[in-house]
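Working notes for the structure below.
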4 protein chains.
Amino acid sequence: MTPQPTRRNEQSRRAILAAALELLAETGYPALTVEAIAARAGVGKQTIYRWWRGKGAVILDALADDVPEVVALPDTGDLRADLRQVLRATVAEFADPRLSATTRAITIETLADEELGAQARDRLLRPQLNAVRVRLEAAREAGQVRPDAALDQVVELLFGPLYHRWLLRNGPLTDDYADGIVDLVVAAVTPSTSIRG
Amino acid sequence: MTPQPTRRNEQSRRAILAAALELLAETGYPALTVEAIAARAGVGKQTIYRWWRGKGAVILDALADDVPEVVALPDTGDLRADLRQVLRATVAEFADPRLSATTRAITIETLADEELGAQARDRLLRPQLNAVRVRLEAAREAGQVRPDAALDQVVELLFGPLYHRWLLRNGPLTDDYADGIVDLVVAAVTPSTSIRG
Amino acid sequence: MTPQPTRRNEQSRRAILAAALELLAETGYPALTVEAIAARAGVGKQTIYRWWRGKGAVILDALADDVPEVVALPDTGDLRADLRQVLRATVAEFADPRLSATTRAITIETLADEELGAQARDRLLRPQLNAVRVRLEAAREAGQVRPDAALDQVVELLFGPLYHRWLLRNGPLTDDYADGIVDLVVAAVTPSTSIRG
Amino acid sequence: MTPQPTRRNEQSRRAILAAALELLAETGYPALTVEAIAARAGVGKQTIYRWWRGKGAVILDALADDVPEVVALPDTGDLRADLRQVLRATVAEFADPRLSATTRAITIETLADEELGAQARDRLLRPQLNAVRVRLEAAREAGQVRPDAALDQVVELLFGPLYHRWLLRNGPLTDDYADGIVDLVVAAVTPSTSIRG
DNA sequence: CTCTAAGCGAGACGGTACGTCCAGTCTTCTT
DNA sequence: AAGAAGACTGGACGTACCGTCTCGCTTAGAG
């Protein structure tokens, strides 16, 4: 009943993932079909259904395969500069139509399927967020961030607005915008120097 | 060729929107079909396709019909308190499975279809964001917000993290979380009192 | 409820019949629709349904309008020659794609709808058959046809084979074929000259 | 693209043909739909469209399946008697509402679709006509039929009138009528005994 | 070093919904 | 009151994919 992973044909697996990404780029997610993936990959439909639950799972796998497991963030000592760099990179990603399309695709699938959502979160989202968190922890130890700041929230404070604006097309996504967010967030977490200057 | 809105049957229109919302609540968005809406509304499919581009457009219309055109925000003079109230209300909305499901539905459709996205933005999102913006403007005039703060960004700083966490299921959505976001944002926009403490 | 023929718009009537014939020639019977007739005639659909039962009735009316009420047959005294002429004319009609198509159309409608069939029979078929019958009666009086021959059957003996071959595409329809049928039929009805040659 | 007949499911094929005949008997040809056939047969619509061009093709196949490939005609030595028997049988067939309806159905489809017409001709009509032709050939060899008679025409002379009268409802179809036709045709083909009476 | 059970390409299958087309009815406004 | 216009319910159309189910055909590993 359950397939034997040992016997799995690696060549087919790769052909399927490649075909899925190609078709995603060409036709967009809603027009993507398992049948088309199978045809493009030169593979029987059953071979897809044997190893994945549907097109969403295939796409997720394909994307996760493309992403480096661990993402490292630069630490120049200048928190603001480092964050600007990260957010500008994110803006650039969203500006790239290809990457943008795939991210939208993943998001759709994520919305409709809880299990897939969990996988996407753990394999794609978390590593990225976590890298930023690590950088913030370093900043906190360096006294550049208030010790009581909830760093998970700070991370979401950085990415949430970008994601929101991009997903809902609520305005242009520019480097200036990214910088503005960073400035606001830095202001929010900088220890108050007020009491006695 | 293009239908004549004058001749439109208002009764059918309402029946369709009502049926769409009912079915959405009962079966969820992916299982929602134009055929089912037509059947439930006692309407020919063509009548739906004559006036809408598909189920997404119907749902959007149905939801937009339910939303008050203008949303007013309380102004108690206490910005932090007012914002907490708004964000807590948003958290509550996201916690309600019914509302949550419809918002997810809209979001999916929005992602796949640019035109629909524009409509959703203008008719559903913007009014809500704008209400908060108005409150922030009042706060700025009252000297509670730095005069140079880009208020649109601040609004997104409030909602972005919530939306991000909810959509990607990146953690629990609680009142505490909402309060934490508000605290961070208020800290970000409060005029620096540094000069002489 | 029942429409008042007095008030009927003669112009519309004619436009409808003309449009029906045009479309029949252009697109063929199965592709012919009431909607198209109405559009072509610049007429509301209701105006068609008010006066006819459907596209079949319209077509029948259109064709019956075209046909001379009474058809006369030549009588040269030579029965064989006269019949040959009639059957050759019929062959020519069947060879004309346009006439052939309309006859096929009528036949289809006739098959499906008994009432229409009756009308077609009385207004289109009978007059034609009757003309031949009259000629045969004359021949009988002239002693060229056996007095005991059932003339209705003889008429059908003439047209039945042609019709059969044409409708079922059971072979080529040529003048030779027509002549052959005539010869057989004449042989069948010629009084036996046996007694003394 | 084109389906592979090897893989064809014989069970489905039979279920479809059976369902088609059932529904034809129950509802008549015009009310017959591919959808209903599929439902009754417990089959997907695509399975019908994969193997047939439409309901007409299905019905034709169903009927052709029912017909014995080769039809033999009795040969008692008495041509007139044998032909009477055949034509009376045909009259009986036309009198049976069920058989009559299916024949009308086939005819309609035949009229509209040349290819179908060709099939109907070859698989349904020709075998029957040919059987009569064979009998006539025997009669010719026995000297009961003029040697110069075009037998194909004679066959059509027998069936044409019946078909004509039935299809166009141009009069009652009785055994007497059939006998009358046979008498005429026999008269037409009997070698003239005149020469020396 | 065969044999056999698995995965495989292929694609037919029962289904469901699609978006379109037309039938025939109903409604509104015009002539 | 009839007509032009065209929106309405209804229902079949033929298509596209879904996910499952055979087919033979490799192909690997247990005997």
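If you're wondering about the labels, chains in the structure tokens are A, B, ... by order shown, residues count from 1 in each chain, ligands from 1 in order shown.
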
query = Neighbours of Leu125 of chain B within 9 Å (only C-alpha atoms (C1' of nucleotides); same-chain residues fewer than 5 positions away dropped), as a list in words?
reply =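 With the cut-off at 9 Å, the set is Leu168 and Asn170 of chain A; Ala120 and Asn130 of chain B.
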
Using only C-alpha atoms, what table do you get, as a Markdown table, when you list each residue of chain A with an atom no more than 9 Å from chain B, its nearest pair of atoms, and their distance in Å rounded to one decimal, rows by chain then rising number?
```
| residue | atom | partner | partner_atom | distance |
| --- | --- | --- | --- | --- |
| A:Gly28 | CA | B:Ala112 | CA | 8.4 |
| A:Tyr29 | CA | B:Ala112 | CA | 7.8 |
| A:Pro30 | CA | B:Ala112 | CA | 6.9 |
| A:Arg104 | CA | B:Leu111 | CA | 6.4 |
| A:Ala105 | CA | B:Leu111 | CA | 8.3 |
| A:Thr107 | CA | B:Leu168 | CA | 7.8 |
| A:Ile108 | CA | B:Ile108 | CA | 5.5 |
| A:Glu109 | CA | B:Ile108 | CA | 8.7 |
| A:Thr110 | CA | B:Leu168 | CA | 7.2 |
| A:Leu111 | CA | B:Arg104 | CA | 6.4 |
| A:Ala112 | CA | B:Pro30 | CA | 7.3 |
| A:Glu114 | CA | B:Arg169 | CA | 8.7 |
| A:Gly117 | CA | B:Leu168 | CA | 6.8 |
| A:Ala118 | CA | B:Arg169 | CA | 7.5 |
| A:Ala120 | CA | B:Leu168 | CA | 8.5 |
| A:Arg121 | CA | B:Leu168 | CA | 6.7 |
| A:Leu125 | CA | B:Leu168 | CA | 8.5 |
| A:Arg126 | CA | B:Asn170 | CA | 8.4 |
| A:Ala149 | CA | B:Leu184 | CA | 8.3 |
| A:Ala150 | CA | B:Gly180 | CA | 7.9 |
| A:Gln153 | CA | B:Ile181 | CA | 6.9 |
| A:Val154 | CA | B:Leu184 | CA | 8.0 |
| A:Val155 | CA | B:Pro161 | CA | 8.7 |
| A:Glu156 | CA | B:Pro161 | CA | 5.1 |
| A:Leu157 | CA | B:Pro161 | CA | 5.4 |
| A:Leu158 | CA | B:Pro161 | CA | 7.9 |
| A:Phe159 | CA | B:Pro161 | CA | 7.2 |
| A:Gly160 | CA | B:Pro161 | CA | 4.1 |
| A:Pro161 | CA | B:Gly160 | CA | 4.1 |
| A:Leu162 | CA | B:Gly160 | CA | 7.3 |
| A:Tyr163 | CA | B:His164 | CA | 6.9 |
| A:His164 | CA | B:Gly160 | CA | 5.1 |
| A:Arg165 | CA | B:Glu156 | CA | 7.6 |
| A:Leu167 | CA | B:Leu111 | CA | 7.0 |
| A:Leu168 | CA | B:Arg121 | CA | 6.7 |
| A:Arg169 | CA | B:Gly117 | CA | 7.3 |
| A:Asn170 | CA | B:Arg121 | CA | 6.9 |
| A:Tyr177 | CA | B:Gln153 | CA | 7.9 |
| A:Gly180 | CA | B:Gln153 | CA | 7.6 |
| A:Ile181 | CA | B:Gln153 | CA | 6.9 |
| A:Asp183 | CA | B:Ala188 | CA | 8.5 |
| A:Leu184 | CA | B:Ala188 | CA | 5.3 |
| A:Val185 | CA | B:Ala188 | CA | 6.3 |
| A:Val186 | CA | B:Ala188 | CA | 7.6 |
| A:Ala187 | CA | B:Ala188 | CA | 4.8 |
| A:Ala188 | CA | B:Ala188 | CA | 3.8 |
| A:Val189 | CA | B:Leu184 | CA | 7.2 |
| A:Thr190 | CA | B:Ala188 | CA | 8.9 |
| A:Ser192 | CA | B:Ser194 | CA | 8.2 |
| A:Thr193 | CA | B:Ser194 | CA | 6.7 |
| A:Ser194 | CA | B:Ser194 | CA | 4.3 |
| A:Ile195 | CA | B:Gly197 | CA | 5.3 |
| A:Arg196 | CA | B:Gly197 | CA | 6.5 |
| A:Gly197 | CA | B:Ser194 | CA | 6.5 |
```

query = Skipping near chain neighbours, those fewer than 2 positions away, what residues fall within 12 Å of Glu93 of chain B using only C-alpha atoms (C1' of nucleotides), listed as a PyMOL selection string?
reply = chain B and resi 86-91+95-104+162-163+166+173-175

message = If we count only C-alpha atoms (C1' of nucleotides) and set the cut-off at 9 Å, which residues sit around segment 19-29 of chain F, ignoring sequence neighbours fewer than 5 positions away in its own chain? Please answer as a ChimeraX atom specification.
response = /A:7,46,49 /D:7 /E:6-10,12-13

task = Using only C-alpha atoms (C1' of nucleotides), find the residues of chain B whose closest atom to chain E is at most 12 Å away, then write them as a PyMOL selection string.
result = chain B and resi 6-9+31-36+45-46+48-50+53-55

request  = Any chance you could list, as a ChimeraX atom specification, the residues in chain B that come up helix (DSSP H, G or I) when DSSP is run on the backbone?
outcome  = /B:5-7,10-27,34-41,45-51,55-66,79-95,97-112,114-141,151-167,175-189,194-196

request  = Pick out the chain F residues within 9 Å of chain C. Count only C-alpha atoms (C1' of nucleotides). Give them as a PyMOL selection string.
outcome  = chain F and resi 1-6

request  = Record the distance separating atom C1' of DG15 of chain E and atom CA of Ala41 of chain B, expressed in Å with one decimal.
outcome  =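 Between these atoms lies a distance of 24.1 Å.
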
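Between atom C1' of DG11 of chain F and atom CA of Leu63 of chain D lies a distance of 27.1 Å.
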
task = Record the distance separating atom CA of Val145 of chain C and atom CA of Leu79 of chain C, expressed in Å with one decimal.
result =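 Going from atom CA of Val145 of chain C over to atom CA of Leu79 of chain C, I get 9.2 Å.
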
request  = Go through B:Pro191, B:Glu22, B:Asp75, B:Arg13 one by one, measure the shortest atom-to-atom distance of each to Pro147 of chain B using only C-alpha atoms, and give the residue with the smallest value.
outcome  = B:Pro191
